[in-house]
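Okay, start_37.tsv is below, TSV, C-alpha atoms:
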chain	number	residue	atom	x	y	z
A	140	MET	CA	81.37	100.21	84.96
A	141	ASP	CA	83.06	102.47	87.53
A	142	ASP	CA	83.73	100.63	90.75
A	143	LEU	CA	82.05	101.85	93.93
A	144	LYS	CA	84.33	102.94	96.73
A	145	ILE	CA	83.91	101.02	99.99
A	146	SER	CA	85.39	102.22	103.27
A	147	LYS	CA	88.52	100.12	103.61
A	148	LYS	CA	88.69	100.44	107.39
A	149	LYS	CA	85.13	100.21	108.62
A	150	PRO	CA	85.31	100.31	112.44
A	151	SER	CA	83.96	97.48	114.53
A	152	PHE	CA	81.05	98.76	116.62
A	153	PRO	CA	80.62	97.35	120.14
A	154	VAL	CA	77.51	95.44	121.21
A	155	SER	CA	75.36	97.81	123.24
A	156	GLU	CA	73.56	96.77	126.43
A	157	LYS	CA	70.22	97.09	124.63
A	158	LEU	CA	71.35	94.86	121.76
A	159	ASN	CA	72.80	92.35	124.21
A	160	ASN	CA	69.43	92.18	126.01
A	161	TYR	CA	67.74	91.55	122.66
A	162	LEU	CA	70.18	88.73	121.90
A	163	GLN	CA	69.54	87.14	125.30
A	164	GLU	CA	65.78	87.34	124.76
A	165	TYR	CA	66.04	85.43	121.48
A	166	ASN	CA	68.61	82.86	122.63
A	167	ARG	CA	71.52	84.25	120.64
A	168	THR	CA	73.88	84.37	123.62
A	169	ILE	CA	75.67	81.67	125.58
A	170	ARG	CA	78.74	81.57	127.80
A	171	LEU	CA	81.56	80.51	125.47
A	172	PRO	CA	84.67	78.62	126.60
A	173	ILE	CA	86.93	80.46	124.13
A	174	PHE	CA	87.21	83.96	122.70
A	175	TYR	CA	88.36	85.37	119.38
A	176	ASP	CA	91.48	86.82	121.03
A	177	ASP	CA	92.43	83.36	122.35
A	178	LEU	CA	92.77	82.08	118.78
A	179	LEU	CA	95.12	84.96	117.91
A	180	ARG	CA	97.85	83.32	120.03
A	181	PHE	CA	98.98	81.03	117.22
A	182	GLN	CA	102.68	80.23	116.90
A	183	GLY	CA	102.85	80.21	113.11
A	184	ALA	CA	100.92	79.68	109.89
A	185	VAL	CA	101.15	78.29	106.36
A	186	VAL	CA	99.34	79.52	103.25
A	187	VAL	CA	96.22	77.59	102.18
A	188	TYR	CA	96.05	76.99	98.42
A	189	ASP	CA	93.02	75.87	96.43
A	190	LYS	CA	92.90	72.91	94.03
A	191	ASN	CA	94.44	75.11	91.31
A	192	ASP	CA	97.37	76.06	93.56
A	193	GLU	CA	96.13	79.64	93.93
A	194	ASP	CA	96.37	81.55	97.21
A	195	THR	CA	92.98	81.49	98.99
A	196	LEU	CA	93.95	84.40	101.29
A	197	TRP	CA	93.50	82.01	104.23
A	198	VAL	CA	96.41	80.73	106.32
A	199	ARG	CA	96.36	77.54	108.40
A	200	VAL	CA	97.49	78.39	111.92
A	201	TYR	CA	99.11	76.16	114.51
A	202	TYR	CA	99.60	76.42	118.27
A	203	ASN	CA	102.01	74.89	120.75
A	204	GLU	CA	100.89	71.40	121.76
A	205	PHE	CA	99.82	72.35	125.30
A	206	GLU	CA	97.52	75.13	124.11
A	207	ARG	CA	96.23	73.14	121.15
A	208	GLU	CA	94.71	70.45	123.37
A	209	GLU	CA	92.77	73.05	125.38
A	210	ILE	CA	91.75	74.97	122.25
A	211	ASP	CA	90.47	71.82	120.52
A	212	LEU	CA	88.34	70.90	123.53
A	213	SER	CA	86.92	74.43	123.73
A	214	LEU	CA	86.10	74.46	120.00
A	215	LYS	CA	84.28	71.13	120.35
A	216	ARG	CA	82.17	72.70	123.11
A	217	VAL	CA	81.44	75.68	120.86
A	218	TYR	CA	80.43	73.36	118.01
A	219	SER	CA	78.14	71.34	120.29
A	220	ASN	CA	76.42	74.51	121.55
A	221	LEU	CA	76.03	75.94	118.05
A	222	ILE	CA	74.82	72.82	116.25
A	223	SER	CA	73.43	70.59	118.98
A	224	ASP	CA	72.29	70.79	122.62
A	225	GLY	CA	75.70	71.31	124.20
A	226	ASN	CA	76.02	67.63	125.14
A	227	GLU	CA	79.65	66.56	125.67
A	228	THR	CA	79.03	62.91	124.78
A	229	ILE	CA	79.67	63.72	121.11
A	230	PHE	CA	83.19	65.01	121.78
A	231	LYS	CA	84.79	61.58	121.36
A	232	TYR	CA	83.47	61.44	117.80
A	233	LEU	CA	84.75	64.89	116.82
A	234	ASN	CA	88.13	66.07	115.59
A	235	ILE	CA	89.24	69.65	114.95
A	236	ASP	CA	90.99	69.10	111.64
A	237	ALA	CA	92.09	72.67	110.93
A	238	ILE	CA	91.92	76.26	112.15
A	239	ASP	CA	92.34	78.80	109.35
A	240	PHE	CA	92.75	82.57	109.63
A	241	CYS	CA	91.60	84.98	106.91
A	242	THR	CA	94.00	87.81	106.16
A	243	PHE	CA	91.57	89.58	103.82
A	244	GLY	CA	88.75	92.01	104.70
A	245	ASN	CA	87.57	93.78	107.82
A	246	SER	CA	86.48	90.93	110.08
A	247	LYS	CA	89.60	88.70	109.86
A	248	PRO	CA	87.71	85.55	110.91
A	249	PHE	CA	88.90	82.15	112.02
A	250	ARG	CA	87.41	79.17	110.16
A	251	VAL	CA	87.24	75.93	112.13
A	252	LYS	CA	86.90	72.56	110.37
A	253	VAL	CA	85.15	69.92	112.50
A	254	ARG	CA	85.12	66.29	111.34
A	255	ASN	CA	83.15	63.28	112.58
A	256	ILE	CA	85.78	60.56	112.88
A	257	LEU	CA	83.24	57.75	112.44
A	258	ASN	CA	82.23	58.68	108.88
A	259	ASP	CA	84.55	61.56	107.87
A	260	ASN	CA	81.66	63.99	107.38
A	261	TYR	CA	82.82	67.50	108.18
A	262	THR	CA	81.53	71.04	108.48
A	263	TYR	CA	82.84	74.50	109.35
A	264	PHE	CA	82.02	77.29	111.73
A	265	TYR	CA	83.56	80.73	112.15
A	266	VAL	CA	84.91	82.64	115.13
A	267	LYS	CA	84.89	86.41	114.69
A	268	LYS	CA	85.17	89.64	116.63
A	269	ALA	CA	81.66	90.70	117.65
A	270	ASP	CA	80.53	93.73	115.64
A	271	ALA	CA	77.09	95.32	116.10
A	272	SER	CA	76.77	95.98	112.34
A	273	ARG	CA	77.30	92.32	111.59
A	274	ILE	CA	74.87	91.16	114.27
A	275	TYR	CA	72.15	93.43	112.90
A	276	GLY	CA	72.89	92.08	109.42
A	277	LEU	CA	72.66	88.46	110.55
A	278	GLU	CA	69.37	89.06	112.38
A	279	LEU	CA	67.82	90.89	109.42
A	280	GLU	CA	68.96	88.12	107.07
A	281	HIS	CA	67.39	85.55	109.40
A	282	MET	CA	64.04	87.36	109.44
A	283	LEU	CA	63.74	88.99	106.01
A	284	SER	CA	65.47	86.53	103.66
A	285	PRO	CA	64.35	82.99	102.78
A	286	TYR	CA	67.18	81.58	104.93
A	287	ASN	CA	67.55	80.94	108.66
A	288	LEU	CA	70.89	81.70	110.29
A	289	ASN	CA	72.44	80.22	113.40
A	290	PHE	CA	74.93	82.24	115.45
A	291	LEU	CA	75.96	82.87	119.06
A	292	VAL	CA	77.39	85.97	120.73
A	293	TYR	CA	79.30	86.23	123.99
A	294	LYS	CA	81.01	89.47	125.03
A	295	ASP	CA	83.37	90.41	122.16
A	296	THR	CA	83.12	87.12	120.22
A	297	ILE	CA	80.60	85.87	117.67
A	298	ILE	CA	80.29	82.28	116.42
A	299	GLU	CA	78.62	81.70	113.04
A	300	GLU	CA	77.64	78.52	111.26
A	301	HIS	CA	78.96	77.97	107.74
A	302	ILE	CA	76.78	79.01	104.79
A	303	ALA	CA	77.32	76.37	102.11
A	304	GLY	CA	77.44	77.29	98.44
A	305	ILE	CA	79.68	78.12	95.49
A	306	PRO	CA	81.44	81.50	95.90
A	307	GLY	CA	79.86	83.96	93.49
A	308	ASP	CA	83.14	84.97	91.83
A	309	GLU	CA	84.10	81.34	91.24
A	310	PHE	CA	80.63	80.51	89.88
A	311	ILE	CA	80.62	83.49	87.48
A	312	LYS	CA	84.09	82.65	86.17
A	313	ASN	CA	83.95	78.86	85.89
A	314	MET	CA	80.35	77.65	85.93
A	315	LEU	CA	78.10	80.35	84.50
A	316	PRO	CA	79.47	79.94	80.95
A	317	GLU	CA	78.51	76.23	81.08
A	318	CYS	CA	74.88	76.88	82.10
A	319	ASN	CA	72.17	76.41	79.49
A	320	ALA	CA	69.75	79.17	78.42
A	321	MET	CA	67.04	78.17	80.90
A	322	GLU	CA	69.49	78.08	83.81
A	323	LYS	CA	70.90	81.48	82.87
A	324	ALA	CA	67.41	82.97	82.80
A	325	GLN	CA	66.70	81.50	86.24
A	326	ILE	CA	69.98	82.85	87.65
A	327	ALA	CA	69.16	86.28	86.20
A	328	LYS	CA	65.78	86.21	87.96
A	329	GLU	CA	67.44	85.31	91.27
A	330	PHE	CA	69.96	88.13	90.90
A	331	ILE	CA	67.13	90.64	90.44
A	332	LYS	CA	65.49	89.39	93.64
A	333	PHE	CA	68.79	89.33	95.53
A	334	ASN	CA	69.54	92.88	94.36
A	335	GLU	CA	66.14	94.10	95.55
A	336	ARG	CA	66.44	92.32	98.90
A	337	CYS	CA	69.84	93.88	99.64
A	338	MET	CA	68.67	97.38	98.73
A	339	ILE	CA	65.49	97.21	100.85
A	340	ARG	CA	67.27	96.08	104.01
A	341	LEU	CA	70.43	98.12	103.35
A	342	LEU	CA	72.97	95.30	103.16
A	343	GLY	CA	76.02	96.71	101.41
A	344	ASP	CA	79.09	95.52	99.52
A	345	MET	CA	77.58	92.45	97.88
A	346	ARG	CA	80.46	91.92	95.47
A	347	SER	CA	80.60	88.48	93.91
A	348	TYR	CA	82.92	87.11	96.63
A	349	ASN	CA	80.49	88.16	99.39
A	350	TYR	CA	77.67	85.87	98.30
A	351	VAL	CA	77.32	82.24	97.26
A	352	ILE	CA	75.30	80.46	94.59
A	353	VAL	CA	73.37	77.45	95.92
A	354	PRO	CA	72.30	74.93	93.22
A	355	THR	CA	69.47	72.52	94.11
A	356	HIS	CA	68.40	69.64	91.88
A	357	ASP	CA	64.62	69.63	91.39
A	358	PHE	CA	63.24	66.82	89.20
A	359	ASP	CA	64.61	67.51	85.71
A	360	HIS	CA	66.36	70.83	86.30
A	361	VAL	CA	68.61	72.74	88.70
A	362	VAL	CA	67.30	75.66	90.77
A	363	PHE	CA	69.85	78.34	91.72
A	364	LYS	CA	69.56	80.57	94.78
A	365	ILE	CA	71.81	83.44	95.89
A	366	ARG	CA	72.77	83.86	99.56
A	367	ALA	CA	74.73	86.63	101.23
A	368	ILE	CA	77.63	85.42	103.37
A	369	ASP	CA	79.14	88.71	104.58
A	370	PHE	CA	77.19	91.10	106.79
A	371	ASP	CA	79.85	93.61	107.88
A	372	GLN	CA	78.42	96.36	105.68
A	373	GLN	CA	74.93	96.44	107.17
A	374	CYS	CA	73.73	100.07	107.32
A	375	TYR	CA	77.19	101.67	107.31
A	376	GLU	CA	78.00	103.32	103.96
A	377	GLY	CA	76.43	106.54	102.70
A	378	LYS	CA	75.80	105.93	99.00
A	379	LEU	CA	72.58	104.09	98.15
A	380	ASN	CA	74.22	102.29	95.21
A	381	ILE	CA	76.55	100.47	97.62
A	382	TYR	CA	73.43	98.60	98.80
A	383	ARG	CA	72.60	97.55	95.22
A	384	PRO	CA	74.76	94.63	93.98
A	385	GLN	CA	74.10	95.57	90.33
A	386	PHE	CA	76.51	98.51	90.60
A	387	PHE	CA	79.66	96.54	91.47
A	388	LYS	CA	81.97	95.71	88.59
A	389	GLU	CA	82.46	92.19	89.99
A	390	ASN	CA	78.76	91.57	89.22
A	391	PHE	CA	78.87	92.88	85.66
A	392	LYS	CA	78.35	89.40	84.17
A	393	MET	CA	75.20	88.98	86.28
A	394	VAL	CA	73.88	92.38	85.19
A	395	GLU	CA	74.65	91.44	81.60
A	396	LEU	CA	72.71	88.22	82.10
A	397	VAL	CA	69.67	90.14	83.35
A	398	ARG	CA	69.83	92.47	80.37
A	399	ASP	CA	70.07	89.57	77.91
A	400	LYS	CA	67.54	87.19	79.47
A	401	ILE	CA	64.87	89.24	81.27
A	402	GLN	CA	62.45	91.77	79.77
A	403	LYS	CA	61.77	95.01	81.65
A	404	GLU	CA	58.21	93.94	82.52
A	405	SER	CA	59.57	90.78	84.13
A	406	VAL	CA	62.22	92.74	86.03
A	407	ASP	CA	59.45	94.86	87.56
A	408	GLN	CA	57.42	91.73	88.32
A	409	TYR	CA	60.31	90.03	90.16
A	410	LYS	CA	61.01	93.19	92.18
A	411	ILE	CA	57.37	93.34	93.28
A	412	GLU	CA	57.46	89.64	94.16
A	413	GLU	CA	60.52	90.14	96.39
A	414	ARG	CA	59.02	93.19	98.10
A	415	SER	CA	55.83	91.25	98.78
A	416	ILE	CA	57.76	88.34	100.30
A	417	ILE	CA	59.77	90.72	102.52
A	418	VAL	CA	56.60	92.43	103.76
A	419	ARG	CA	55.02	89.09	104.62
A	420	ARG	CA	58.11	88.17	106.61
A	421	MET	CA	57.99	91.55	108.36
A	422	ILE	CA	54.42	90.86	109.40
A	423	SER	CA	55.36	87.35	110.63
A	424	TYR	CA	58.25	88.74	112.71
A	425	GLN	CA	56.52	92.01	113.59
A	426	ASP	CA	57.38	92.17	117.30
A	427	ARG	CA	60.92	90.84	116.90
A	428	ILE	CA	61.78	93.19	114.03
A	429	GLY	CA	60.30	96.07	116.01
A	430	GLU	CA	62.60	95.28	118.94
A	431	LEU	CA	65.64	94.95	116.67
A	432	LEU	CA	64.90	98.26	114.90
A	433	ASP	CA	64.46	99.93	118.28
A	434	CYS	CA	67.97	98.76	119.18
A	435	MET	CA	69.33	100.03	115.86
A	436	GLN	CA	67.70	103.44	116.19
A	437	ASN	CA	69.45	103.99	119.51
A	438	ASP	CA	72.78	102.52	118.40
A	439	THR	CA	75.83	103.96	116.63
A	440	ILE	CA	76.66	101.85	113.59
A	441	SER	CA	77.81	104.53	111.14
A	442	ILE	CA	79.06	108.13	111.03
A	443	GLU	CA	77.07	111.36	110.68
A	444	LYS	CA	78.45	112.05	107.21
A	445	TYR	CA	77.17	108.72	105.82
A	446	ILE	CA	73.79	109.10	107.54
A	447	ALA	CA	73.31	112.51	105.90
A	448	ILE	CA	74.29	111.20	102.43
A	449	LEU	CA	72.15	108.08	102.60
A	450	LYS	CA	68.95	109.69	103.87
A	451	GLU	CA	69.16	112.27	101.06
A	452	ASP	CA	69.90	109.58	98.45
A	453	ILE	CA	66.86	107.55	99.54
A	454	TYR	CA	64.69	110.68	99.67
A	455	GLN	CA	65.60	111.42	96.03
A	456	TYR	CA	64.73	107.80	95.20
A	457	THR	CA	61.37	107.71	97.06
A	458	LEU	CA	60.40	111.38	97.66
A	459	ASP	CA	59.29	110.34	101.14
A	460	MET	CA	59.99	113.15	103.65
A	461	GLU	CA	60.37	110.66	106.53
A	462	PHE	CA	63.87	109.85	105.28
A	463	ARG	CA	65.02	113.47	105.61
A	464	LYS	CA	63.87	113.42	109.24
A	465	SER	CA	65.97	110.36	110.07
A	466	THR	CA	68.76	110.87	112.60
A	467	SER	CA	70.38	107.40	112.61
A	468	MET	CA	71.00	104.45	110.29
A	469	GLY	CA	68.49	102.45	112.30
A	470	GLU	CA	65.84	105.08	111.67
A	471	ILE	CA	66.64	105.14	107.95
A	472	LEU	CA	66.21	101.36	107.77
A	473	LYS	CA	62.97	101.50	109.77
A	474	ASN	CA	61.58	104.12	107.37
A	475	ALA	CA	62.71	102.03	104.37
A	476	LEU	CA	60.93	98.92	105.63
A	477	GLU	CA	57.81	100.91	106.53
A	478	PHE	CA	57.83	102.52	103.07
A	479	VAL	CA	57.89	99.09	101.40
A	480	LYS	CA	55.21	97.76	103.75
A	481	ARG	CA	52.95	100.80	103.25
A	482	ASN	CA	53.14	100.59	99.47
A	483	TYR	CA	52.58	96.81	99.46
A	484	GLN	CA	49.52	97.09	101.70
A	485	GLY	CA	48.18	100.01	99.67
A	486	ILE	CA	48.38	98.00	96.46
A	487	ASN	CA	46.78	94.98	98.11
A	488	MET	CA	43.90	97.02	99.54
A	489	ASN	CA	43.27	98.56	96.10
A	490	ASN	CA	42.83	95.06	94.72
A	491	PHE	CA	39.82	94.56	96.98
A	492	THR	CA	38.08	97.90	96.35
As structure tokens, what does this structure read like?
Amino acid sequence: MDDLKISKKKPSFPVSEKLNNYLQEYNRTIRLPIFYDDLLRFQGAVVVYDKNDEDTLWVRVYYNEFEREEIDLSLKRVYSNLISDGNETIFKYLNIDAIDFCTFGNSKPFRVKVRNILNDNYTYFYVKKADASRIYGLELEHMLSPYNLNFLVYKDTIIEEHIAGIPGDEFIKNMLPECNAMEKAQIAKEFIKFNERCMIRLLGDMRSYNYVIVPTHDFDHVVFKIRAIDFDQQCYEGKLNIYRPQFFKENFKMVELVRDKIQKESVDQYKIEERSIIVRRMISYQDRIGELLDCMQNDTISIEKYIAILKEDIYQYTLDMEFRKSTSMGEILKNALEFVKRNYQGINMNNFT
């Protein structure tokens, strides 16, 4: 499989006034005590290795002792606002165990490890540079996927909760070969649905390291779900195949699994199931999605060249003239969601006539 080319230096798009008003309306904003740029003032760093002594592409940063005390207190406040009600009484039970910086990818996030000192339970959250593309991606994931997402935005900083799961590349390499036939068939089904979901809402670059596999034990078997964890490439690239995980070489094993385990009729069935679920969520969030799409239509989150390529690609795929009339990425996405909704409702109405 030829690898798809992703823009290596996707720009970070600022949060518009209209988008900021939307975020305030839906309680996604709060005055933060610390910004992304504050964490960039680290004095040094050491490489973080995994259990196999391989470089994780994260470095553990450290600050001078005077700044560290203030930073730790601010990060505890951020954690309390993100996870709880902002109450400071929990601070005495919290410890900021580590602050890691990722040197790979566009967003260059900080990962903060917070531990409860009473029982040693810990979790993570991320501090990133606010990017309109990413915010749109997070909101669409919250409304159109099976998963809720928690994040906060303030000026040029975004705080995201950790999405737990096994990194897709690690799962494919180390765990997929050990799965039994039934588990492989179930994973193949989930990949079909994940692929369809990404294409419909134009979430790009879902290589295996940009999603996680979430295993859940259910009576006598394990259920596997696939969750996106990177939303930088929401509605940016021009080629339609970039929004279809099946076309990345890193996902070849998953595509192979689908080919081996799922018949064509079942592939079509699972695609229809996912479209139906997305449409039902669209109806449930009708007003909120409408407001978000209105923001996107009036926002700049890509370049003219990519808009022209994508709207023509989707027209060739659907033969719907509305795509050729689109003038922004937001309008392309709106037309895509309306196309799916229109076809779903048409099929459903035909069932009753």
From A:Asp239, A:Glu204, A:Asp371, A:Asp295, residue lying nearest Gly276 of chain A [all atoms listed in the file]: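 Among the listed residues, A:Asp371 lies closest to Gly276 of chain A.
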Interatomic distance (Å, one decimal) between atom CA of Arg207 of chain A and atom CA of Pro172 of chain A: 13.9 Å
List as a tab-separated table every residue of segment 219-325 of chain A that is in contact with segment 396-400 of chain A, defined as an atom at most 10 Å from one of its atoms (using all atoms listed in the file), together with the nearest atom pair and the distance in Å rounded to one decimal, sorted by chain and then rising number.
residue	atom	partner	partner_atom	distance
A:Leu315	CA	A:Leu396	CA	9.8
A:Ala320	CA	A:Lys400	CA	8.4
A:Met321	CA	A:Lys400	CA	9.1
A:Lys323	CA	A:Leu396	CA	7.0
A:Ala324	CA	A:Lys400	CA	5.4
A:Gln325	CA	A:Lys400	CA	8.9
A:Leu449, A:Ile311, A:Cys318, A:Ile417 ranked by distance to Ser347 of chain A, top pick (using all atoms listed in the file):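 Nearest to Ser347 of chain A: A:Ile311.
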Within 7 Å of Ala367 of chain A using all atoms listed in the file, minus same-chain residues under 2 positions, as a ChimeraX atom specification: /A:349-351,365,369
Among the residues A:Glu376, A:Asp359, A:Glu299, A:Glu209, the one that comes closest to Pro248 of chain A [using only C-alpha atoms]: A:Glu299
